[in-house]
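Undergrad: A single structure is presented below for examination.
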Amino acid sequence: MLIPKKQMQKIAEEVGETIHKNVNIMDETGCIIASTDPERIGMFHRGAMELLNHQMEKLIIHRDEKDYQGTRSGINLPLVIEEQVIGVVGITGEVEEVQLLGTVIKKMTEILILDWYKSNQKKALEDMKRSFAIELLFGDDEKRLEFGRELLGINMNLSRIVAVLDFVVKERKGVNDNKSQDLFEKITNMLRKEIEQNQQQLVMTMGMKIVIFYQMQNTNEVYKSINTAKNKIELLYSCKFYCGIGTTGDDKAGIQRSYREAESACNLVKQLTGETIKVYSNSDLRMLLVNIPYKKRLTYINTIFKDCEQEQVENVLQCLRCYINNNGSISKTSDELFIHKNTLQYRLTRIKALTGYDPRT
């Protein structure tokens with residue numbers, strides 16, 4: 001088990017601070033790779049080598065012993081992780097004092113190393129899943145995809161639906177970028193713990209977005225799952241939750257299409273009022289419009305309103321949105337805008353004069 005020396009040094013310092021004694025950690029070659037005494041790092045510890053070679057349960061070295069090169073008075077014990085001896089921990093001090101601490105410090109050091117090891121394994125697995133997901137969505141290396149699929153046990157013959165989640169942290173006094181990132185990681189871990197109970201499902205992050213690969217055939221099931229998660233997340237954390245859901249994909253190309261659909265639906269739902277989760281539909285004209293680049297849309301708008309002041313543009317858009325939402329009904333639109341029907345007719349005529357387009361036709 002290879003553990004970085006930097007991490008071992010942190011563990012040695014943490015243990016040393018607990019017992020107020022010098023602590024050394026030696027690797028399988030007997031080299032001191034971490035110590036609360038900086039001068040000893042890199043030295044050879046013959047006692048540790050002796051302990052490892054003879055598979056001893058402990059090695060006590062008294063002050064007047066000279067048989068062990070690079071040693072001082074104290075106790076040395078093997079570090080055992082998952083039934084494998086990975087090194088030795090030594091405590092420097094009077095034998096009578098440190099002997100009582102030996103077993104406790106050995107166990108404490110092993111626990112700290114195991115915690116790091118498991119955390120590192122978890123991160124490696126997450127990195128592997130992310131690499132597989134990136135290759136699945138954007139890559140063209142079939143060998144790499146196959147390798148990742150075999151390692152993770154992913155069955156590519158199952159139908160999948162992709163969902164894209166976006167979060168906006170609600171502005172609060174004292175909330176900075178670091179806290180926003182911490183919040184995002186908590187939400188991601190919460191979703192990952194729930195969703196990846198099914199080995200065929202994946203959760204990955206892209207910037208401040210979360211991409212979920214559901215192993216499902218029905219978008220209604222995905223919608224229910226997302227809605228349940230949304231309610232839980234917004235109850236626990238101060239954030240706004242948006243989600244787009246793609247249609248079912250049965251192979252790599254289908255999953256890529258589902259991702260693009262989910263991304264489009266997510267971008268759209270962020271612009272809508274009253275909706276936070278949307279399933280992609282190719283019959284919804286808004287799904288097409290939201291994919292038109294912002295600069296092109298802005299150019300189009302500026303061309304139509306080239307003879308208008310900004311205030312006029314805002315008034316026209318307010319009137320048009322209300323008019324369209326009410327399917328062109330003069331009475332309903334005028335009631336919603338709190339104006340007389342004749343005033344609305346005048347505004348529609350004025351829009352035609354300003355833009356050259358008549359909303360009534």
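Here, A, B, ... name the chains of the structure tokens in the order displayed, residue numbers run from 1 inside each chain, and ligands are numbered from 1 in the same displayed order.
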Tell me, as a PyMOL selection string, which residues lie within 9 Å of Ile11 (chain A), counting only C-alpha atoms; anything in the same chain fewer than 4 positions away does not count.

TA: chain A and resi 6-7+15-16+25+34+109+112-113

Undergrad: So that I have them on file, write out the residues from the current selection with all heavy atoms, as a tab-separated table (two decimals), in the first residue's frame.

TA:
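Result file follows (part12.tsv):
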```
chain	number	residue	atom	x	y	z
A	6	LYS	N	3.74	12.90	2.46
A	6	LYS	CA	3.09	14.10	3.01
A	6	LYS	C	1.93	13.72	3.91
A	6	LYS	O	1.73	14.31	4.98
A	6	LYS	CB	2.60	14.98	1.84
A	6	LYS	CG	2.06	16.32	2.26
A	6	LYS	CD	1.69	17.16	1.04
A	6	LYS	CE	1.15	18.52	1.46
A	6	LYS	NZ	0.76	19.34	0.28
A	7	GLN	N	1.16	12.71	3.49
A	7	GLN	CA	0.03	12.26	4.30
A	7	GLN	C	0.52	11.57	5.57
A	7	GLN	O	-0.03	11.76	6.66
A	7	GLN	CB	-0.85	11.30	3.47
A	7	GLN	CG	-2.12	10.86	4.18
A	7	GLN	CD	-3.05	12.00	4.50
A	7	GLN	OE1	-3.14	12.96	3.73
A	7	GLN	NE2	-3.73	11.93	5.63
A	15	VAL	N	-0.76	12.28	15.68
A	15	VAL	CA	-0.56	11.34	16.79
A	15	VAL	C	0.37	11.95	17.84
A	15	VAL	O	0.13	11.86	19.04
A	15	VAL	CB	0.00	10.01	16.26
A	15	VAL	CG1	0.35	9.08	17.42
A	15	VAL	CG2	-1.00	9.33	15.33
A	16	GLY	N	1.45	12.59	17.37
A	16	GLY	CA	2.41	13.21	18.29
A	16	GLY	C	1.78	14.28	19.16
A	16	GLY	O	2.08	14.38	20.36
A	25	ILE	N	7.28	7.25	11.73
A	25	ILE	CA	6.65	6.21	10.90
A	25	ILE	C	7.69	5.75	9.88
A	25	ILE	O	8.26	6.57	9.14
A	25	ILE	CB	5.38	6.74	10.19
A	25	ILE	CG1	4.33	7.14	11.25
A	25	ILE	CG2	4.81	5.67	9.27
A	25	ILE	CD1	3.05	7.72	10.66
A	34	ALA	N	8.30	9.69	8.01
A	34	ALA	CA	7.56	10.77	8.67
A	34	ALA	C	7.94	10.80	10.13
A	34	ALA	O	8.14	9.75	10.76
A	34	ALA	CB	6.05	10.56	8.52
A	109	THR	N	-2.89	5.13	14.81
A	109	THR	CA	-2.17	5.36	13.55
A	109	THR	C	-2.79	4.53	12.43
A	109	THR	O	-2.98	5.02	11.31
A	109	THR	CB	-0.68	5.01	13.70
A	109	THR	OG1	-0.14	5.72	14.81
A	109	THR	CG2	0.09	5.39	12.44
A	112	LEU	N	-6.08	6.12	11.28
A	112	LEU	CA	-5.86	7.32	10.46
A	112	LEU	C	-5.41	6.95	9.05
A	112	LEU	O	-5.85	7.54	8.06
A	112	LEU	CB	-4.83	8.23	11.12
A	112	LEU	CG	-5.29	8.94	12.41
A	112	LEU	CD1	-4.12	9.65	13.07
A	112	LEU	CD2	-6.41	9.93	12.12
A	113	ILE	N	-4.54	5.95	8.96
A	113	ILE	CA	-4.06	5.51	7.64
A	113	ILE	C	-5.20	4.87	6.85
A	113	ILE	O	-5.38	5.14	5.66
A	113	ILE	CB	-2.89	4.51	7.79
A	113	ILE	CG1	-1.66	5.21	8.36
A	113	ILE	CG2	-2.55	3.85	6.45
A	113	ILE	CD1	-0.51	4.29	8.71
```

Undergrad: DSSP on the backbone, then: every residue of region 160-348 of chain A marked helix (DSSP H, G or I), written as number ranges by chain.

TA: A: 177-195, 219-236, 252-269, 285-289, 294-304, 310-325, 330-337, 341-348

Undergrad: One decimal, Å: what's the distance from CA of Leu202 (chain A) over to CA of Asn267 (chain A), could you say?

TA: 21.4 Å

Undergrad: Which residues come within 10 Å of Ile210 (chain A), counting only C-alpha atoms, excluding same-chain residues fewer than 4 positions away, as a list in words?

TA: Ala163, Val164, Leu165, Asp166, Phe167, Phe184, Ile187, Thr188, Leu191, Val203, Met204, Thr205, Met206 and Cys243 of chain A

Undergrad: I need the residues from that last selection saved to file as an mmCIF file, in the first residue's frame (with N, CA, C and O atoms), if you can.

TA:
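Done, and the output landed in result_39.cif:
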```
data_model
loop_
_atom_site.group_PDB
_atom_site.id
_atom_site.type_symbol
_atom_site.label_atom_id
_atom_site.label_comp_id
_atom_site.auth_asym_id
_atom_site.auth_seq_id
_atom_site.Cartn_x
_atom_site.Cartn_y
_atom_site.Cartn_z
ATOM 1 N N ALA A 163 -30.322 13.303 -16.926
ATOM 2 C CA ALA A 163 -30.874 14.522 -16.332
ATOM 3 C C ALA A 163 -29.725 15.481 -16.027
ATOM 4 O O ALA A 163 -28.658 15.049 -15.597
ATOM 5 N N VAL A 164 -29.937 16.761 -16.277
ATOM 6 C CA VAL A 164 -28.950 17.795 -15.969
ATOM 7 C C VAL A 164 -29.533 18.721 -14.910
ATOM 8 O O VAL A 164 -30.631 19.264 -15.081
ATOM 9 N N LEU A 165 -28.808 18.876 -13.803
ATOM 10 C CA LEU A 165 -29.262 19.704 -12.694
ATOM 11 C C LEU A 165 -28.369 20.925 -12.549
ATOM 12 O O LEU A 165 -27.151 20.814 -12.662
ATOM 13 N N ASP A 166 -28.996 22.050 -12.300
ATOM 14 C CA ASP A 166 -28.249 23.290 -12.103
ATOM 15 C C ASP A 166 -28.743 23.930 -10.815
ATOM 16 O O ASP A 166 -29.943 23.895 -10.515
ATOM 17 N N PHE A 167 -27.824 24.509 -10.042
ATOM 18 C CA PHE A 167 -28.178 25.089 -8.753
ATOM 19 C C PHE A 167 -27.771 26.553 -8.691
ATOM 20 O O PHE A 167 -26.715 26.930 -9.173
ATOM 21 N N PHE A 184 -22.443 22.860 -2.849
ATOM 22 C CA PHE A 184 -22.588 22.060 -4.068
ATOM 23 C C PHE A 184 -22.069 20.635 -3.840
ATOM 24 O O PHE A 184 -22.700 19.660 -4.275
ATOM 25 N N ILE A 187 -24.559 18.621 -1.757
ATOM 26 C CA ILE A 187 -25.705 18.207 -2.566
ATOM 27 C C ILE A 187 -25.322 17.053 -3.487
ATOM 28 O O ILE A 187 -26.059 16.079 -3.628
ATOM 29 N N THR A 188 -24.124 17.163 -4.108
ATOM 30 C CA THR A 188 -23.646 16.106 -5.000
ATOM 31 C C THR A 188 -23.498 14.786 -4.253
ATOM 32 O O THR A 188 -23.939 13.736 -4.737
ATOM 33 N N LEU A 191 -26.906 13.257 -3.495
ATOM 34 C CA LEU A 191 -27.508 12.632 -4.676
ATOM 35 C C LEU A 191 -26.780 11.340 -5.039
ATOM 36 O O LEU A 191 -27.396 10.334 -5.379
ATOM 37 N N VAL A 203 -23.552 9.455 -11.259
ATOM 38 C CA VAL A 203 -23.676 10.889 -10.973
ATOM 39 C C VAL A 203 -22.316 11.508 -11.227
ATOM 40 O O VAL A 203 -21.308 11.041 -10.702
ATOM 41 N N MET A 204 -22.258 12.548 -12.060
ATOM 42 C CA MET A 204 -21.001 13.243 -12.299
ATOM 43 C C MET A 204 -21.242 14.747 -12.278
ATOM 44 O O MET A 204 -22.368 15.213 -12.440
ATOM 45 N N THR A 205 -20.178 15.502 -12.050
ATOM 46 C CA THR A 205 -20.287 16.957 -12.025
ATOM 47 C C THR A 205 -19.566 17.547 -13.229
ATOM 48 O O THR A 205 -18.562 17.027 -13.689
ATOM 49 N N MET A 206 -20.125 18.660 -13.710
ATOM 50 C CA MET A 206 -19.495 19.439 -14.780
ATOM 51 C C MET A 206 -19.622 20.906 -14.377
ATOM 52 O O MET A 206 -20.695 21.497 -14.520
ATOM 53 N N CYS A 243 -33.814 21.639 -13.274
ATOM 54 C CA CYS A 243 -33.458 20.349 -13.874
ATOM 55 C C CYS A 243 -34.104 20.173 -15.241
ATOM 56 O O CYS A 243 -35.277 20.504 -15.438
#
```

Undergrad: Would you mind listing what lies within 10 Å of region 220-222 of chain A as a ChimeraX atom specification, with only C-alpha atoms counted and same-chain residues fewer than 3 positions away left out?

TA: /A:161-163,214-217,225-228,245-246,279

Undergrad: Per DSSP on the backbone, what are the strand (DSSP E) residues of region 18-260 of chain A, as an mmCIF file with N, CA and C atoms, in the first residue's frame?

TA:
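The result, stored in part-v5.cif:
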```
data_model
loop_
_atom_site.group_PDB
_atom_site.id
_atom_site.type_symbol
_atom_site.label_atom_id
_atom_site.label_comp_id
_atom_site.auth_asym_id
_atom_site.auth_seq_id
_atom_site.Cartn_x
_atom_site.Cartn_y
_atom_site.Cartn_z
ATOM 1 N N ASN A 22 7.572 12.293 20.633
ATOM 2 C CA ASN A 22 8.011 12.193 19.242
ATOM 3 C C ASN A 22 7.554 10.866 18.643
ATOM 4 N N VAL A 23 6.972 10.967 17.454
ATOM 5 C CA VAL A 23 6.448 9.788 16.769
ATOM 6 C C VAL A 23 7.129 9.656 15.413
ATOM 7 N N ASN A 24 7.561 8.432 15.078
ATOM 8 C CA ASN A 24 8.172 8.159 13.781
ATOM 9 C C ASN A 24 7.354 7.103 13.045
ATOM 10 N N ILE A 25 7.284 7.255 11.726
ATOM 11 C CA ILE A 25 6.655 6.214 10.895
ATOM 12 C C ILE A 25 7.691 5.754 9.880
ATOM 13 N N MET A 26 7.928 4.431 9.869
ATOM 14 C CA MET A 26 8.914 3.852 8.964
ATOM 15 C C MET A 26 8.221 3.008 7.899
ATOM 16 N N ILE A 32 12.771 6.073 7.817
ATOM 17 C CA ILE A 32 11.829 6.957 8.524
ATOM 18 C C ILE A 32 11.259 7.941 7.489
ATOM 19 N N ILE A 33 10.001 7.759 7.140
ATOM 20 C CA ILE A 33 9.380 8.602 6.110
ATOM 21 C C ILE A 33 8.571 9.753 6.690
ATOM 22 N N ALA A 34 8.296 9.687 8.007
ATOM 23 C CA ALA A 34 7.559 10.770 8.665
ATOM 24 C C ALA A 34 7.944 10.804 10.131
ATOM 25 N N SER A 35 8.071 12.014 10.686
ATOM 26 C CA SER A 35 8.473 12.121 12.083
ATOM 27 C C SER A 35 8.139 13.508 12.618
ATOM 28 N N LEU A 59 8.902 -4.105 19.319
ATOM 29 C CA LEU A 59 10.333 -4.065 19.592
ATOM 30 C C LEU A 59 10.599 -2.900 20.540
ATOM 31 N N ILE A 60 11.085 -3.234 21.732
ATOM 32 C CA ILE A 60 11.398 -2.211 22.728
ATOM 33 C C ILE A 60 12.908 -1.959 22.708
ATOM 34 N N ILE A 61 13.282 -0.705 22.648
ATOM 35 C CA ILE A 61 14.701 -0.328 22.625
ATOM 36 C C ILE A 61 14.981 0.542 23.849
ATOM 37 N N GLY A 74 12.644 3.745 23.144
ATOM 38 C CA GLY A 74 11.214 3.793 22.874
ATOM 39 C C GLY A 74 10.655 2.452 22.467
ATOM 40 N N ILE A 75 9.464 2.484 21.869
ATOM 41 C CA ILE A 75 8.790 1.256 21.447
ATOM 42 C C ILE A 75 8.396 1.363 19.983
ATOM 43 N N ASN A 76 8.474 0.250 19.276
ATOM 44 C CA ASN A 76 8.139 0.200 17.853
ATOM 45 C C ASN A 76 7.142 -0.939 17.622
ATOM 46 N N LEU A 77 6.120 -0.662 16.813
ATOM 47 C CA LEU A 77 5.081 -1.660 16.573
ATOM 48 C C LEU A 77 4.726 -1.699 15.085
ATOM 49 N N PRO A 78 4.352 -2.872 14.559
ATOM 50 C CA PRO A 78 3.998 -2.971 13.142
ATOM 51 C C PRO A 78 2.644 -2.320 12.858
ATOM 52 N N LEU A 79 2.553 -1.723 11.685
ATOM 53 C CA LEU A 79 1.284 -1.142 11.238
ATOM 54 C C LEU A 79 0.628 -2.139 10.276
ATOM 55 N N VAL A 80 -0.566 -2.594 10.634
ATOM 56 C CA VAL A 80 -1.261 -3.617 9.850
ATOM 57 C C VAL A 80 -2.559 -3.042 9.295
ATOM 58 N N ILE A 81 -2.646 -3.009 7.969
ATOM 59 C CA ILE A 81 -3.849 -2.524 7.291
ATOM 60 C C ILE A 81 -4.374 -3.638 6.400
ATOM 61 N N GLN A 84 -2.265 -6.675 6.120
ATOM 62 C CA GLN A 84 -0.972 -6.506 5.460
ATOM 63 C C GLN A 84 -0.119 -5.538 6.277
ATOM 64 N N VAL A 85 1.122 -5.946 6.605
ATOM 65 C CA VAL A 85 2.050 -5.064 7.328
ATOM 66 C C VAL A 85 2.608 -4.053 6.333
ATOM 67 N N ILE A 86 2.361 -2.770 6.585
ATOM 68 C CA ILE A 86 2.787 -1.741 5.643
ATOM 69 C C ILE A 86 3.941 -0.893 6.174
ATOM 70 N N GLY A 87 4.297 -1.090 7.440
ATOM 71 C CA GLY A 87 5.366 -0.282 8.009
ATOM 72 C C GLY A 87 5.399 -0.410 9.517
ATOM 73 N N VAL A 88 6.027 0.556 10.159
ATOM 74 C CA VAL A 88 6.216 0.520 11.613
ATOM 75 C C VAL A 88 5.974 1.907 12.178
ATOM 76 N N VAL A 89 5.350 1.963 13.366
ATOM 77 C CA VAL A 89 5.225 3.227 14.087
ATOM 78 C C VAL A 89 6.088 3.130 15.341
ATOM 79 N N GLY A 90 6.854 4.181 15.585
ATOM 80 C CA GLY A 90 7.720 4.193 16.761
ATOM 81 C C GLY A 90 7.437 5.405 17.632
ATOM 82 N N ILE A 91 7.485 5.204 18.951
ATOM 83 C CA ILE A 91 7.279 6.298 19.906
ATOM 84 C C ILE A 91 8.572 6.458 20.698
ATOM 85 N N THR A 92 9.143 7.642 20.663
ATOM 86 C CA THR A 92 10.401 7.917 21.356
ATOM 87 C C THR A 92 10.125 8.365 22.783
ATOM 88 N N ILE A 161 -31.742 7.359 -19.158
ATOM 89 C CA ILE A 161 -32.251 8.714 -19.342
ATOM 90 C C ILE A 161 -31.306 9.650 -18.601
ATOM 91 N N VAL A 162 -30.887 10.711 -19.261
ATOM 92 C CA VAL A 162 -29.953 11.664 -18.653
ATOM 93 C C VAL A 162 -30.711 12.872 -18.119
ATOM 94 N N ALA A 163 -30.322 13.303 -16.926
ATOM 95 C CA ALA A 163 -30.874 14.522 -16.332
ATOM 96 C C ALA A 163 -29.725 15.481 -16.027
ATOM 97 N N VAL A 164 -29.937 16.761 -16.277
ATOM 98 C CA VAL A 164 -28.950 17.795 -15.969
ATOM 99 C C VAL A 164 -29.533 18.721 -14.910
ATOM 100 N N LEU A 165 -28.808 18.876 -13.803
ATOM 101 C CA LEU A 165 -29.262 19.704 -12.694
ATOM 102 C C LEU A 165 -28.369 20.925 -12.549
ATOM 103 N N ASP A 166 -28.996 22.050 -12.300
ATOM 104 C CA ASP A 166 -28.249 23.290 -12.103
ATOM 105 C C ASP A 166 -28.743 23.930 -10.815
ATOM 106 N N PHE A 167 -27.824 24.509 -10.042
ATOM 107 C CA PHE A 167 -28.178 25.089 -8.753
ATOM 108 C C PHE A 167 -27.771 26.553 -8.691
ATOM 109 N N VAL A 168 -28.625 27.336 -8.106
ATOM 110 C CA VAL A 168 -28.303 28.734 -7.841
ATOM 111 C C VAL A 168 -28.400 28.926 -6.344
ATOM 112 N N VAL A 169 -27.270 29.243 -5.717
ATOM 113 C CA VAL A 169 -27.263 29.451 -4.270
ATOM 114 C C VAL A 169 -27.941 30.781 -3.966
ATOM 115 N N LEU A 202 -25.176 6.580 -12.677
ATOM 116 C CA LEU A 202 -23.987 7.388 -12.402
ATOM 117 C C LEU A 202 -24.368 8.831 -12.108
ATOM 118 N N VAL A 203 -23.552 9.455 -11.259
ATOM 119 C CA VAL A 203 -23.676 10.889 -10.973
ATOM 120 C C VAL A 203 -22.316 11.508 -11.227
ATOM 121 N N MET A 204 -22.258 12.548 -12.060
ATOM 122 C CA MET A 204 -21.001 13.243 -12.299
ATOM 123 C C MET A 204 -21.242 14.747 -12.278
ATOM 124 N N THR A 205 -20.178 15.502 -12.050
ATOM 125 C CA THR A 205 -20.287 16.957 -12.025
ATOM 126 C C THR A 205 -19.566 17.547 -13.229
ATOM 127 N N MET A 206 -20.125 18.660 -13.710
ATOM 128 C CA MET A 206 -19.495 19.439 -14.780
ATOM 129 C C MET A 206 -19.622 20.906 -14.377
ATOM 130 N N LYS A 209 -22.737 22.105 -12.418
ATOM 131 C CA LYS A 209 -23.892 21.318 -12.831
ATOM 132 C C LYS A 209 -23.672 19.861 -12.465
ATOM 133 N N ILE A 210 -24.770 19.146 -12.267
ATOM 134 C CA ILE A 210 -24.711 17.721 -11.973
ATOM 135 C C ILE A 210 -25.414 16.979 -13.097
ATOM 136 N N VAL A 211 -24.749 15.959 -13.624
ATOM 137 C CA VAL A 211 -25.322 15.134 -14.688
ATOM 138 C C VAL A 211 -25.607 13.755 -14.105
ATOM 139 N N ILE A 212 -26.841 13.286 -14.258
ATOM 140 C CA ILE A 212 -27.245 11.994 -13.720
ATOM 141 C C ILE A 212 -27.646 11.068 -14.869
ATOM 142 N N PHE A 213 -27.108 9.848 -14.839
ATOM 143 C CA PHE A 213 -27.469 8.821 -15.816
ATOM 144 C C PHE A 213 -28.403 7.838 -15.107
ATOM 145 N N TYR A 214 -29.697 7.962 -15.359
ATOM 146 C CA TYR A 214 -30.671 7.052 -14.751
ATOM 147 C C TYR A 214 -30.809 5.789 -15.593
ATOM 148 N N CYS A 239 -30.888 27.039 -1.619
ATOM 149 C CA CYS A 239 -30.524 27.100 -3.028
ATOM 150 C C CYS A 239 -31.768 26.940 -3.895
ATOM 151 N N LYS A 240 -31.640 27.326 -5.142
ATOM 152 C CA LYS A 240 -32.691 27.155 -6.145
ATOM 153 C C LYS A 240 -32.269 26.038 -7.075
ATOM 154 N N PHE A 241 -33.201 25.164 -7.397
ATOM 155 C CA PHE A 241 -32.905 23.909 -8.082
ATOM 156 C C PHE A 241 -33.587 23.900 -9.443
ATOM 157 N N TYR A 242 -32.825 23.674 -10.510
ATOM 158 C CA TYR A 242 -33.391 23.569 -11.859
ATOM 159 C C TYR A 242 -32.952 22.235 -12.466
ATOM 160 N N CYS A 243 -33.814 21.639 -13.274
ATOM 161 C CA CYS A 243 -33.458 20.349 -13.874
ATOM 162 C C CYS A 243 -34.104 20.173 -15.241
ATOM 163 N N GLY A 244 -33.311 19.633 -16.184
ATOM 164 C CA GLY A 244 -33.822 19.231 -17.482
ATOM 165 C C GLY A 244 -33.656 17.728 -17.633
ATOM 166 N N ILE A 245 -34.643 17.071 -18.224
ATOM 167 C CA ILE A 245 -34.630 15.625 -18.373
ATOM 168 C C ILE A 245 -34.731 15.270 -19.857
#
```

Undergrad: Go through A:Pro359, A:Gly102, A:Gly30, A:Gly254 one by one, measure the shortest atom-to-atom distance of each to Asn157 (chain A) using only C-alpha atoms, and give the residue with the smallest value.

TA: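 Comparing A:Pro359, A:Gly102, A:Gly30, A:Gly254 against Asn157 (chain A), the winner is A:Gly254.
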
Undergrad: Write out as a VMD selection string which residues come within 10 Å of Leu268 (chain A) when counting only C-alpha atoms, dropping same-chain ones fewer than 3 positions away.

TA: chain A and resid 242 to 244 262 to 265 271 to 272 275 to 278 280 286 to 291

Undergrad: Determine, counting only C-alpha atoms, which protein, DNA and RNA residues have an atom within 12 Å of an atom of Ser329 (chain A); residues of the same chain fewer than 4 positions away are not included. Present the result as a PyMOL selection string.

TA: chain A and resi 320+322-325+333-336+341+344-345+359-360

Undergrad: How about saving the chosen residues, N, CA and C atoms kept, as a compact mmCIF listing (two decimals), in the first residue's frame?

TA:
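Contents of part_1.txt, as written:
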```txt
# COMPACT_ATOMS: atom_id res chain seq x y z
N LEU A 320 -46.48 42.16 -24.98
CA LEU A 320 -46.50 40.98 -25.87
C LEU A 320 -46.59 39.68 -25.09
N CYS A 322 -47.86 39.13 -22.16
CA CYS A 322 -49.22 39.01 -21.61
C CYS A 322 -50.22 38.66 -22.72
N TYR A 323 -50.08 39.31 -23.86
CA TYR A 323 -50.98 39.11 -25.00
C TYR A 323 -50.87 37.66 -25.52
N ILE A 324 -49.64 37.13 -25.61
CA ILE A 324 -49.41 35.76 -26.10
C ILE A 324 -49.88 34.73 -25.07
N ASN A 325 -49.58 34.98 -23.79
CA ASN A 325 -50.01 34.05 -22.74
C ASN A 325 -51.52 33.92 -22.67
N THR A 333 -56.22 40.08 -21.68
CA THR A 333 -54.93 40.79 -21.62
C THR A 333 -55.10 42.15 -20.94
N SER A 334 -56.16 42.88 -21.31
CA SER A 334 -56.39 44.20 -20.70
C SER A 334 -56.68 44.07 -19.21
N ASP A 335 -57.41 43.01 -18.82
CA ASP A 335 -57.69 42.80 -17.39
C ASP A 335 -56.38 42.53 -16.62
N GLU A 336 -55.50 41.70 -17.21
CA GLU A 336 -54.25 41.36 -16.54
C GLU A 336 -53.32 42.56 -16.45
N LYS A 341 -59.60 48.22 -22.70
CA LYS A 341 -59.43 47.50 -23.96
C LYS A 341 -58.93 48.43 -25.07
N LEU A 344 -55.29 48.99 -24.78
CA LEU A 344 -54.53 47.85 -25.29
C LEU A 344 -54.48 47.88 -26.82
N GLN A 345 -55.62 48.18 -27.44
CA GLN A 345 -55.64 48.26 -28.91
C GLN A 345 -54.66 49.32 -29.41
N PRO A 359 -48.82 42.53 -33.93
CA PRO A 359 -49.04 41.35 -33.08
C PRO A 359 -50.36 40.67 -33.39
N ARG A 360 -51.33 41.39 -33.93
CA ARG A 360 -52.66 40.81 -34.16
C ARG A 360 -52.68 39.89 -35.37
```

Undergrad: Could you name the residues that touch region 294-304 of chain A at 10 Å or less, counting only C-alpha atoms, but leaving out those on the same chain fewer than 5 positions away, as an mmCIF file with C-alpha atoms, in the first residue's frame?

TA:
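Okay, around.cif is ready:
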```
data_model
loop_
_atom_site.group_PDB
_atom_site.id
_atom_site.type_symbol
_atom_site.label_atom_id
_atom_site.label_comp_id
_atom_site.auth_asym_id
_atom_site.auth_seq_id
_atom_site.Cartn_x
_atom_site.Cartn_y
_atom_site.Cartn_z
ATOM 1 C CA LEU A 289 -35.335 28.736 -29.476
ATOM 2 C CA VAL A 313 -38.625 47.799 -25.526
ATOM 3 C CA LEU A 354 -42.423 50.954 -33.762
ATOM 4 C CA THR A 355 -41.366 47.583 -35.147
ATOM 5 C CA GLY A 356 -43.182 47.065 -38.418
ATOM 6 C CA TYR A 357 -44.849 43.930 -37.051
#
```

Undergrad: Choose the residue, out of A:Lys352, A:Lys230, A:His20, A:Lys123, that has the smallest atom-to-atom separation from Ile105 (chain A); count only C-alpha atoms.

TA: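 Ranked by minimum distance to Ile105 (chain A), first place goes to A:His20.
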